[in-house]
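Engineer: Dumping the structure here so I can ask a few things about it.
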Number of protein chains: 4
Amino acid sequence: MHAIELKSFRADGLCLVERPEPAPQAGEVLIRIRAAALNYRDTEIAEGRYGMPIALPVVPLSDAVGDVISLGEGVTGFAVGDRVNPTFFPDWIDGEFRGEFFAHQLGGTLDGVLREFMTVPVTALVRAPSHMGNEAASLPIAALTAWSALTGANLRPGQTVLVIGTGGVSLFALQFAPLFGARAIVVSSEDDKIKRVIALGATAAVNYVRTPEWGQRVRELTDQRGVDVVVEVGGAKTFSQSIAALRVGGRMAIVGYASGAELQFDLRQLFIGKSATLQGHTVGSRKQFEEMNRALEMHRLMPVIDSIYTLQNARDAYARAASGQAMGKVLITL
Amino acid sequence: MHAIELKSFRADGLCLVERPEPAPQAGEVLIRIRAAALNYRDTEIAEGRYGMPIALPVVPLSDAVGDVISLGEGVTGFAVGDRVNPTFFPDWIDGEFRGEFFAHQLGGTLDGVLREFMTVPVTALVRAPSHMGNEAASLPIAALTAWSALTGANLRPGQTVLVIGTGGVSLFALQFAPLFGARAIVVSSEDDKIKRVIALGATAAVNYVRTPEWGQRVRELTDQRGVDVVVEVGGAKTFSQSIAALRVGGRMAIVGYASGAELQFDLRQLFIGKSATLQGHTVGSRKQFEEMNRALEMHRLMPVIDSIYTLQNARDAYARAASGQAMGKVLITL
Amino acid sequence: MHAIELKSFRADGLCLVERPEPAPQAGEVLIRIRAAALNYRDTEIAEGRYGMPIALPVVPLSDAVGDVISLGEGVTGFAVGDRVNPTFFPDWIDGEFRGEFFAHQLGGTLDGVLREFMTVPVTALVRAPSHMGNEAASLPIAALTAWSALTGANLRPGQTVLVIGTGGVSLFALQFAPLFGARAIVVSSEDDKIKRVIALGATAAVNYVRTPEWGQRVRELTDQRGVDVVVEVGGAKTFSQSIAALRVGGRMAIVGYASGAELQFDLRQLFIGKSATLQGHTVGSRKQFEEMNRALEMHRLMPVIDSIYTLQNARDAYARAASGQAMGKVLITL
Amino acid sequence: MHAIELKSFRADGLCLVERPEPAPQAGEVLIRIRAAALNYRDTEIAEGRYGMPIALPVVPLSDAVGDVISLGEGVTGFAVGDRVNPTFFPDWIDGEFRGEFFAHQLGGTLDGVLREFMTVPVTALVRAPSHMGNEAASLPIAALTAWSALTGANLRPGQTVLVIGTGGVSLFALQFAPLFGARAIVVSSEDDKIKRVIALGATAAVNYVRTPEWGQRVRELTDQRGVDVVVEVGGAKTFSQSIAALRVGGRMAIVGYASGAELQFDLRQLFIGKSATLQGHTVGSRKQFEEMNRALEMHRLMPVIDSIYTLQNARDAYARAASGQAMGKVLITL
């Protein structure tokens with residue numbers, strides 16, 4: 001079968017190779033990958049600057065949708081032909097994240113999804129939303145992180161969520177907000193992206209380049225109350241303004257650090273007369289993935305797709321994802 | 001009646017004065033103050049560097065215990081002779097903190113407790129624990145903050161809480177841990193304080209001067225799991241090590257910034273593979289105060305008192321509180 | 001001013017009377033009532049079979065919308081001309097319900113809203129949703145109970161809620177479900193009401209007369225999973241089927257007993273292999289009312305109104321409400 | 001190896017047999033059972049009246065402690081010689097209970113623990129508390145159910161829990177209450193058992209035969225507030241009085257039905273002015289088991305053991321457990 005292997009951390013590290021087609025062991029499911037999607041993490045891995053050691057060669061990418069081809073011994077709950085997503089952390093079934101889950105990651109410490117066929121433990125699969133085709137490849141990291149952030153922050157009808165920028169998690173948070181009966185305000189650096197997020201349903205958007213004190217501007221958009229929830233993906237350059245935008249008793253979901261991870265801020269902002277809560281999120285469990293897919297299916301919500309590449313031009317897909325120009329997910333079909 | 005007024009932000013700003021004895025209006029209770037207690041905030045106020053403007057003169061201090069002397073019209077729920085604590089935020093009855101509560105603080109924007117008699121809205125009083133005398137003066141800020149931190153972090157039997165230093169909130173957190181079935185580990189800079197906290201029930205204590213990487217040392221004391229809860233009062237100089245000491249999925253209660261509020265740390269510590277939660281706390285509600293006092297009474301827990309002064313030498317009490325030498329609360333009796 | 005008084009528990013107990021116009025005391029707001037709404041409780045009170053003693057005469061009804069006419073001394077947060085709802089339990093500001101709140105109820109132990117003017121403590125008022133007129137009278141009990149039920153059950157996007165019948169709380173629960181991203185299934189005894197609830201957005205509806213084992217039928221409508229949440233208002237005749245319809249780990253909000261309160265069921269249904277949670281609700285706090293009104297306003301949701309009467313034919317309004325024929329709230333305008 | 005098989009649902013159905021010693025497959029652990037414990041469920045199974053079909057022959061009993069003898073391929077996290085408990089629901093690792101877990105139960109639908117050796121999936125094991133010997137056999141159902149009940153009810157320091165009778169779950173709830181900083185009140189039918197529970201730490205105990213309205217009596221013991229939590233194991237004959245004893249906003253954990261499952265009560269008790277929550281519990285997850293064992297170890301808490309039998313007189317153990325005379329767990333050593 002065709003597969004991509006990351007053979008080095010250089011620009012030409014991604015190589016199209018042939019591998020034997022795998023067969024499912026007991027408790028495993030064989031799936032035919034239909035499409036994969038890129039995350040920021042995949043760029044870090046390809047460039048050799050991911051936060052944990054990656055042994056080469058490795059089949060890259062963690063996010064995919066595929067069809068069930070055959071079932072190993074003792075497998076129940078799935079049938080041949082089912083459209084499925086593998087989970088990013090195969091060990092995380094339900095409950096809170098545990099440290100030992102971190103060691104097993106698709107497309108990192110484990111071979112990933114950029115290959116025609118792969119076997120997956122039945123406990124590391126969810127049914128893809130029935131109304132999606134290849135778009136479902138975008139769900140395992142970006143959508144599930146946004147879902148964990150919003151459910152973890154207990155977002156409620158009538159509330160307002162602040163979305164930072166237009167990366168993968170942020171666009172999902174923007175699209176998910178109405179499912180919770182909430183509205184979204186977006187901050188972005190580019191006016192054309194602002195037009196896009198308004199078209200996608202944002203109630204308001206603020207250009208953070210032209211409005212450096214955008215935290216205060218966001219407060220004004222909420223009658224000075226502040227937003228109930230922030231989905232923080234910006235890190236160093238957005239953190240202080242995000243807290244400024246947050247209401248008393250509000251919750252900030254920490255899910256990224258696009259502008260740097262080295263934070264500087266005044267701790268008093270967080271607690272004195274503020275009582276804010278910050279919660280770090282690491283994707284989500286299989287149980288949360290199932291719940292999210294049920295919600296997406298009920299609302300027939302479709303992910304925003306920026307562009308679609310083939311296995312043969314996977315390097316172009318990586319280049320697009322790393323360009324900062326993508327608005328929506330970059331997919332690779334197989 | 002005798003009272004202390006803060007008349008200026010100079011060293012001699014605290015003055016003994018005479019004031020007319022107040023009478024309770026409808027819905028108010030007249031109490032005879034028996035003892036008051038100092039918090040770090042009171043030093044900030046006296047030195048003119050509190051985080052909000054304070055109009056002078058003001059009767060300082062917020063924490064007290066007193067006896068009910070008479071009841072205004074329509075007051076129910078208290079009787080003459082009841083021993084009571086006024087609440088720090090008189091408007092915060094129950095539920096989450098709201099921004100508007102912040103404007104009304106005893107001994108700050110409102111006249112405080114350093115006077116023989118005061119009237120209090122019946123909604124801003126709780127019954128003091130029956131087994132305490134003047135020690136109950138120490139509860140309204142320090143104990144209630146520790147209680148909010150531990151209940152807010154959902155501390156459970158079998159868990160471990162990390163306590164930073166030996167200030168007022170920290171000593172209460174140390175004493176409260178066993179009520180939750182948990183054990184406490186303390187970090188401190190002085191060996192004699194370490195002896196004291198061990199005597200007070202700490203399972204272990206680490207000298208953070210001699211062990212700069214004390215976060216790792218605390219992990220070792222928990223079989224490398226990390227602590228379940230940190231009560232963070234240190235701020236700038238302890239924050240990173242506190243996170244290092246925290247387990248995956250752990251909770252940090254942010255309640256102080258003794259070593260500075262300007263924080264610098266790597267955001268990745270918080271979420272990638274960690275899923276930590278930080279929650280800022282601003283004292284607590286009357287409801288929480290009632291629940292705490294019921295717990296203290298059931299366990300006959302006694303606060304640690306460092307020293308007791310009289311109204312006449314209130315300035316000495318302030319000096320002691322500001323010295324950094326106090327181990328336990330500094331009281332002033334009336 | 002005109003007012004209605006309940007003077008006896010007989011059919012002619014409701015009498016139009018003249019009362020002096022009240023003036024607001026310190027901390028009170030004078031409001032001009034624009035419309036009131038009836039609940040099942042009001043029929044019980046008028047017929048002398050309410051669950052607590054009611055002293056006569058009393059101004060009946062608890063649910064209203066009005067305009068702020070003047071402010072007593074010290075009142076902030078409201079302005080003349082504001083459109084407001086009084087809260088059913090004037091003492092319940094925030095946090096959990098407390099037993100002592102129960103003794104003070106509008107239109108029961110306290111004079112109610114069926115009068116042109118009334119004074120209300122500023123702490124017992126919320127802003128009505130700006131897009132509603134007299135319809136806002138329907139909110140204080142029925143809508144807030146539905147809101148408490150759904151938020152208390154932590155209803156989430158993608159979930160399904162079961163609504164019993166078409167009474168006041170049930171219609172609000174049906175209308176609220178989409179705000180939470182959830183779908184509603186309704187059971188009813190009449191086919192024309194079933195048509196109405198489908199028109200109001202129900203995903204499915206089951207006639208419980210023709211399908212006595214409707215719990216199983218509801219399970220089929222959820223792919224045999226069972227519903228995530230039940231808003232139980234039926235009591236004796238619906239309870240067992242409601243539990244049958246509930247999924248493993250599901251939550252049932254107990255808010256009424258239209259078919260009788262004397263329950264008979266097998267306790268094993270609740271826990272063995274089911275792990276269900278039941279939660280009783282008693283309307284809601286002012287804080288919840290504020291949050292609900294913010295949500296209603298954001299979504300411009302309009303209550304279902306069955307019919308509108310005037311003060312002069314208030315008895316007809318009571319008759320309509322008691323008839324069991326009403327589909328939506330019965331209002332009285334003033 | 002020696003094993004007991006249940007061969008029929010008659011009195012002589014329990015038979016000592018020889019079985020081949022099992023070998024661990026990949027992902028399994030071989031353990032040498034040291035002791036097993038009986039629950040009420042085991043009597044139901046042996047008498048053929050358990051709530052689900054049981055295929056014979058079956059090795060009975062679910063609760064045991066044993067030593068790790070050898071590890072199958074790929075097993076990590078346990079070492080030879082570790083003292084361990086198998087979990088009752090082998091599929092329930094973490095998170096909420098799911099319906100499909102119910103089909104797999106040790107000593108029911110799966111062979112149980114009354115045999116010298118058994119293999120267990122590594123995901124269905126926890127480390128036993130290090131300070132316990134054979135007493136640890138008593139933990140998997142009774143202790144874990146009590147733990148789930150108290151943690152699920154969010155029991156807090158200063159609160160009061162009501163314990164019904166002196167069965168296995170109840171005695172653990174009584175012993176666990178102080179770990180949560182709470183006190184326990186017990187109701188029982190026998191004065192000598194009342195003496196025992198007082199000796200075990202109950203703050204008070206009420207003889208429910210002599211005090212039929214014991215709900216009111218329990219209220220008096222809590223200054224008329226009512227208890228914060230009830231661990232309901234009684235069912236039909238205790239339910240109404242349990243609710244009467246519960247405070248406004250209190251929580252009842254439903255974990256048994258010793259006096260019958262057919263309930264009759266007035267639904268209004270639950271919600272009108274009460275806002276009670278009822279939660280059914282079905283033992284607990286492996287994660288909860290791990291947390292409980294950590295707590296038990298920290299507090300060196302020892303289970304109450306009624307009597308100890310050998311494999312050869314297992315029938316006597318069953319007779320003792322069914323007699324209603326046992327105070328504490330009945331063990332069988334191997």
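Identifiers in the structure tokens: chain A, B, ... in order shown; residue index from 1 per chain; ligand index from 1 in order shown.
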Select residues of chain D: the criterion is any atom within 6 Å of an atom of chain C, counting only C-alpha atoms; output as a ChimeraX atom specification.

Structural biologist: /D:99,102,248,261-267,270-273,275-282

Engineer: Fewer than 4 positions away in the same chain doesn't count, so skip those; otherwise give me all residues within 8 Å of Trp147 in chain D, counting only C-alpha atoms, as a ChimeraX atom specification.

Structural biologist: /D:143,151,173,176,288,292

Engineer: Those residues with all heavy atoms, as a PDB file, in the first residue's frame please?

Structural biologist:
ATOM      1  N   ALA D 143     -17.245  -1.616  49.690  1.00  0.00           N
ATOM      2  CA  ALA D 143     -16.531  -0.374  49.999  1.00  0.00           C
ATOM      3  C   ALA D 143     -16.622   0.606  48.838  1.00  0.00           C
ATOM      4  O   ALA D 143     -16.857   1.801  49.027  1.00  0.00           O
ATOM      5  CB  ALA D 143     -15.059  -0.687  50.317  1.00  0.00           C
ATOM      6  N   THR D 151     -18.668  10.218  47.589  1.00  0.00           N
ATOM      7  CA  THR D 151     -18.040  11.190  46.690  1.00  0.00           C
ATOM      8  C   THR D 151     -19.071  11.738  45.704  1.00  0.00           C
ATOM      9  O   THR D 151     -19.058  12.927  45.396  1.00  0.00           O
ATOM     10  CB  THR D 151     -16.842  10.585  45.926  1.00  0.00           C
ATOM     11  OG1 THR D 151     -17.269   9.409  45.249  1.00  0.00           O
ATOM     12  CG2 THR D 151     -15.708  10.235  46.866  1.00  0.00           C
ATOM     13  N   ALA D 173     -19.758   3.046  54.760  1.00  0.00           N
ATOM     14  CA  ALA D 173     -20.149   4.464  54.751  1.00  0.00           C
ATOM     15  C   ALA D 173     -19.915   5.081  56.120  1.00  0.00           C
ATOM     16  O   ALA D 173     -19.442   6.211  56.252  1.00  0.00           O
ATOM     17  CB  ALA D 173     -21.611   4.604  54.326  1.00  0.00           C
ATOM     18  N   PHE D 176     -16.204   5.544  56.510  1.00  0.00           N
ATOM     19  CA  PHE D 176     -15.644   6.536  55.576  1.00  0.00           C
ATOM     20  C   PHE D 176     -16.000   7.970  55.968  1.00  0.00           C
ATOM     21  O   PHE D 176     -15.259   8.912  55.633  1.00  0.00           O
ATOM     22  CB  PHE D 176     -16.144   6.284  54.151  1.00  0.00           C
ATOM     23  CG  PHE D 176     -15.580   5.059  53.477  1.00  0.00           C
ATOM     24  CD1 PHE D 176     -16.024   4.686  52.207  1.00  0.00           C
ATOM     25  CD2 PHE D 176     -14.609   4.273  54.093  1.00  0.00           C
ATOM     26  CE1 PHE D 176     -15.511   3.565  51.568  1.00  0.00           C
ATOM     27  CE2 PHE D 176     -14.101   3.147  53.459  1.00  0.00           C
ATOM     28  CZ  PHE D 176     -14.545   2.794  52.197  1.00  0.00           C
ATOM     29  N   GLN D 288     -12.101   5.103  40.403  1.00  0.00           N
ATOM     30  CA  GLN D 288     -12.608   5.377  41.754  1.00  0.00           C
ATOM     31  C   GLN D 288     -12.028   4.390  42.766  1.00  0.00           C
ATOM     32  O   GLN D 288     -11.755   4.744  43.909  1.00  0.00           O
ATOM     33  CB  GLN D 288     -14.133   5.308  41.760  1.00  0.00           C
ATOM     34  CG  GLN D 288     -14.785   6.438  40.987  1.00  0.00           C
ATOM     35  CD  GLN D 288     -16.298   6.253  40.863  1.00  0.00           C
ATOM     36  OE1 GLN D 288     -16.758   5.286  40.249  1.00  0.00           O
ATOM     37  NE2 GLN D 288     -17.058   7.157  41.436  1.00  0.00           N
ATOM     38  N   MET D 292     -10.012   5.356  46.060  1.00  0.00           N
ATOM     39  CA  MET D 292     -10.441   4.871  47.372  1.00  0.00           C
ATOM     40  C   MET D 292      -9.312   4.157  48.083  1.00  0.00           C
ATOM     41  O   MET D 292      -9.048   4.411  49.269  1.00  0.00           O
ATOM     42  CB  MET D 292     -11.638   3.933  47.221  1.00  0.00           C
ATOM     43  CG  MET D 292     -12.089   3.350  48.561  1.00  0.00           C
ATOM     44  SD  MET D 292     -13.432   2.151  48.388  1.00  0.00           S
ATOM     45  CE  MET D 292     -12.552   0.736  47.709  1.00  0.00           C
TER      46      MET D 292
END

Engineer: Between CA of Val80 in chain B and CA of Pro129 in chain B, what distance in Å does the model show, to one decimal?

Structural biologist: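 About the pair CA of Val80 in chain B and CA of Pro129 in chain B: they are 16.2 Å apart.
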
Engineer: Any idea what's packed within 9 Å of range 191-208 of chain D, counting only C-alpha atoms, ignoring anything in its chain fewer than 4 positions away? Could you give it as a list in words?

Structural biologist: Gly165, Thr166, Leu171, Leu174, Gln175, Pro178, Arg183, Ala184, Ile185, Val186, Val187, Pro212, Glu213, Trp214, Arg217, Val218, Leu221 and Met327 of chain D

Engineer: Limited to N, CA, C and O atoms, could you put the picked residues into a file as a compact mmCIF listing (two decimals), in the first residue's frame?

Structural biologist:
# COMPACT_ATOMS: atom_id res chain seq x y z
N GLY D 165 -28.97 1.02 58.60
CA GLY D 165 -28.64 -0.34 58.95
C GLY D 165 -27.15 -0.59 59.02
O GLY D 165 -26.33 0.35 59.00
N THR D 166 -26.80 -1.87 59.08
CA THR D 166 -25.40 -2.23 59.32
C THR D 166 -24.90 -3.25 58.31
O THR D 166 -24.02 -4.08 58.61
N LEU D 171 -21.73 -0.16 56.70
CA LEU D 171 -20.59 -0.09 57.63
C LEU D 171 -19.42 0.66 57.00
O LEU D 171 -18.74 1.43 57.68
N LEU D 174 -20.23 4.32 57.16
CA LEU D 174 -20.00 4.78 58.53
C LEU D 174 -18.51 5.03 58.78
O LEU D 174 -18.11 6.06 59.34
N GLN D 175 -17.69 4.10 58.34
CA GLN D 175 -16.25 4.26 58.57
C GLN D 175 -15.63 5.34 57.68
O GLN D 175 -14.64 5.95 58.04
N PRO D 178 -15.78 9.93 58.54
CA PRO D 178 -14.75 10.80 59.12
C PRO D 178 -13.62 11.16 58.15
O PRO D 178 -12.99 12.20 58.30
N ARG D 183 -19.72 13.56 60.01
CA ARG D 183 -20.14 12.63 61.04
C ARG D 183 -21.28 11.78 60.51
O ARG D 183 -21.98 12.18 59.57
N ALA D 184 -21.45 10.60 61.09
CA ALA D 184 -22.48 9.67 60.64
C ALA D 184 -23.50 9.42 61.74
O ALA D 184 -23.15 9.28 62.90
N ILE D 185 -24.75 9.37 61.34
CA ILE D 185 -25.84 8.92 62.20
C ILE D 185 -26.36 7.62 61.58
O ILE D 185 -26.52 7.53 60.37
N VAL D 186 -26.58 6.62 62.42
CA VAL D 186 -26.99 5.31 61.92
C VAL D 186 -28.39 5.00 62.45
O VAL D 186 -28.72 5.33 63.59
N VAL D 187 -29.24 4.39 61.62
CA VAL D 187 -30.48 3.79 62.13
C VAL D 187 -30.37 2.29 62.02
O VAL D 187 -29.83 1.77 61.04
N PRO D 212 -40.64 4.76 65.05
CA PRO D 212 -41.07 4.59 63.65
C PRO D 212 -40.92 5.89 62.85
O PRO D 212 -40.65 5.84 61.66
N GLU D 213 -41.10 7.03 63.52
CA GLU D 213 -40.92 8.30 62.81
C GLU D 213 -39.46 8.76 62.99
O GLU D 213 -39.19 9.88 63.42
N TRP D 214 -38.57 7.89 62.64
CA TRP D 214 -37.15 8.18 62.90
C TRP D 214 -36.60 9.29 62.02
O TRP D 214 -35.57 9.88 62.34
N ARG D 217 -36.70 12.17 64.16
CA ARG D 217 -35.69 12.03 65.22
C ARG D 217 -34.29 12.39 64.70
O ARG D 217 -33.51 13.07 65.38
N VAL D 218 -34.01 11.98 63.49
CA VAL D 218 -32.71 12.31 62.89
C VAL D 218 -32.60 13.82 62.66
O VAL D 218 -31.55 14.42 62.89
N LEU D 221 -31.52 15.48 65.69
CA LEU D 221 -30.09 15.27 65.94
C LEU D 221 -29.22 16.19 65.09
O LEU D 221 -27.99 16.23 65.25
N MET D 327 -22.26 -8.90 61.20
CA MET D 327 -21.94 -7.48 61.39
C MET D 327 -20.54 -7.31 60.82
O MET D 327 -19.54 -7.59 61.51

Engineer: Identify, on the basis of only C-alpha atoms, every residue whose closest approach to Val230 in chain B does not exceed 6 Å; exclude the query and any residue fewer than 2 positions from it along the same chain; express the result as a ChimeraX atom specification.

Structural biologist: /B:161-162,232,252

Engineer: As number ranges by chain, which residues of range 95-295 of chain A does DSSP assign to alpha helix (DSSP H)?

Structural biologist: A: 144-152, 168-176, 191-199, 214-220, 239-245, 268-271, 286-295

Engineer: Quick one: residues within 9 Å of Asn154 in chain A, only C-alpha atoms, excluding same-chain residues fewer than 2 positions away - as JSON, numbers by chain?

Structural biologist: {"A": [149, 150, 151, 152, 156, 229, 251], "C": [154]}

Engineer: Take the residues from that selection and write them out as a CSV table (one decimal), in the first residue's frame, keeping N, CA and C atoms.

Structural biologist:
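Saved to again.csv:
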chain,number,residue,atom,x,y,z
A,149,ALA,N,-12.9,22.4,25.2
A,149,ALA,CA,-12.8,23.7,25.8
A,149,ALA,C,-14.2,24.3,26.2
A,150,LEU,N,-15.2,24.1,25.3
A,150,LEU,CA,-16.5,24.8,25.5
A,150,LEU,C,-17.3,24.0,26.5
A,151,THR,N,-17.2,22.6,26.5
A,151,THR,CA,-18.0,21.9,27.5
A,151,THR,C,-17.3,22.0,28.8
A,152,GLY,N,-15.9,22.0,28.8
A,152,GLY,CA,-15.2,22.1,30.1
A,152,GLY,C,-15.5,23.5,30.7
A,156,ARG,N,-23.0,28.1,28.3
A,156,ARG,CA,-24.5,28.0,28.4
A,156,ARG,C,-25.2,28.9,27.4
A,229,VAL,N,-16.5,33.1,28.5
A,229,VAL,CA,-15.5,32.0,28.2
A,229,VAL,C,-14.6,32.6,27.1
A,251,ARG,N,-14.3,31.8,32.6
A,251,ARG,CA,-13.4,30.7,32.4
A,251,ARG,C,-12.6,30.8,31.2
C,154,ASN,N,-27.7,19.6,33.2
C,154,ASN,CA,-26.5,19.8,32.3
C,154,ASN,C,-26.8,19.4,30.9

Engineer: Using DSSP on the backbone coordinates, identify the residues of range 124-332 of chain A assigned to strand (DSSP E or B); present them as a ChimeraX atom specification.

Structural biologist: /A:125-127,160-164,183-188,204-207,227-232,246-254,262-266,277-280,305-310,329-332

Engineer: Which value, in Å to one decimal, gives the distance between CA of Leu301 in chain C and CA of Asn134 in chain C?

Structural biologist: 13.6 Å

Engineer: What's the 6 Å shell around Pro157 in chain C, counting only C-alpha atoms, without same-chain residues fewer than 4 positions away, as a list in words?

Structural biologist: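 Once the adjacent positions are removed, what remains is Leu179 and Ala295 of chain A; Phe180, Gly181 and Ala182 of chain C.
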
Engineer: Quick check, in Å to one decimal: how far apart do CA of Val330 in chain A and CA of Glu47 in chain A lie?

Structural biologist: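 CA of Glu47 in chain A lies 17.7 Å from CA of Val330 in chain A.
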
Engineer: Which residues are close to range 24-26 of chain B, i.e. within 6 Å by only C-alpha atoms, leaving aside same-chain residues fewer than 4 positions away? Reply as number ranges by chain.

Structural biologist: B: 30, 72-73, 119
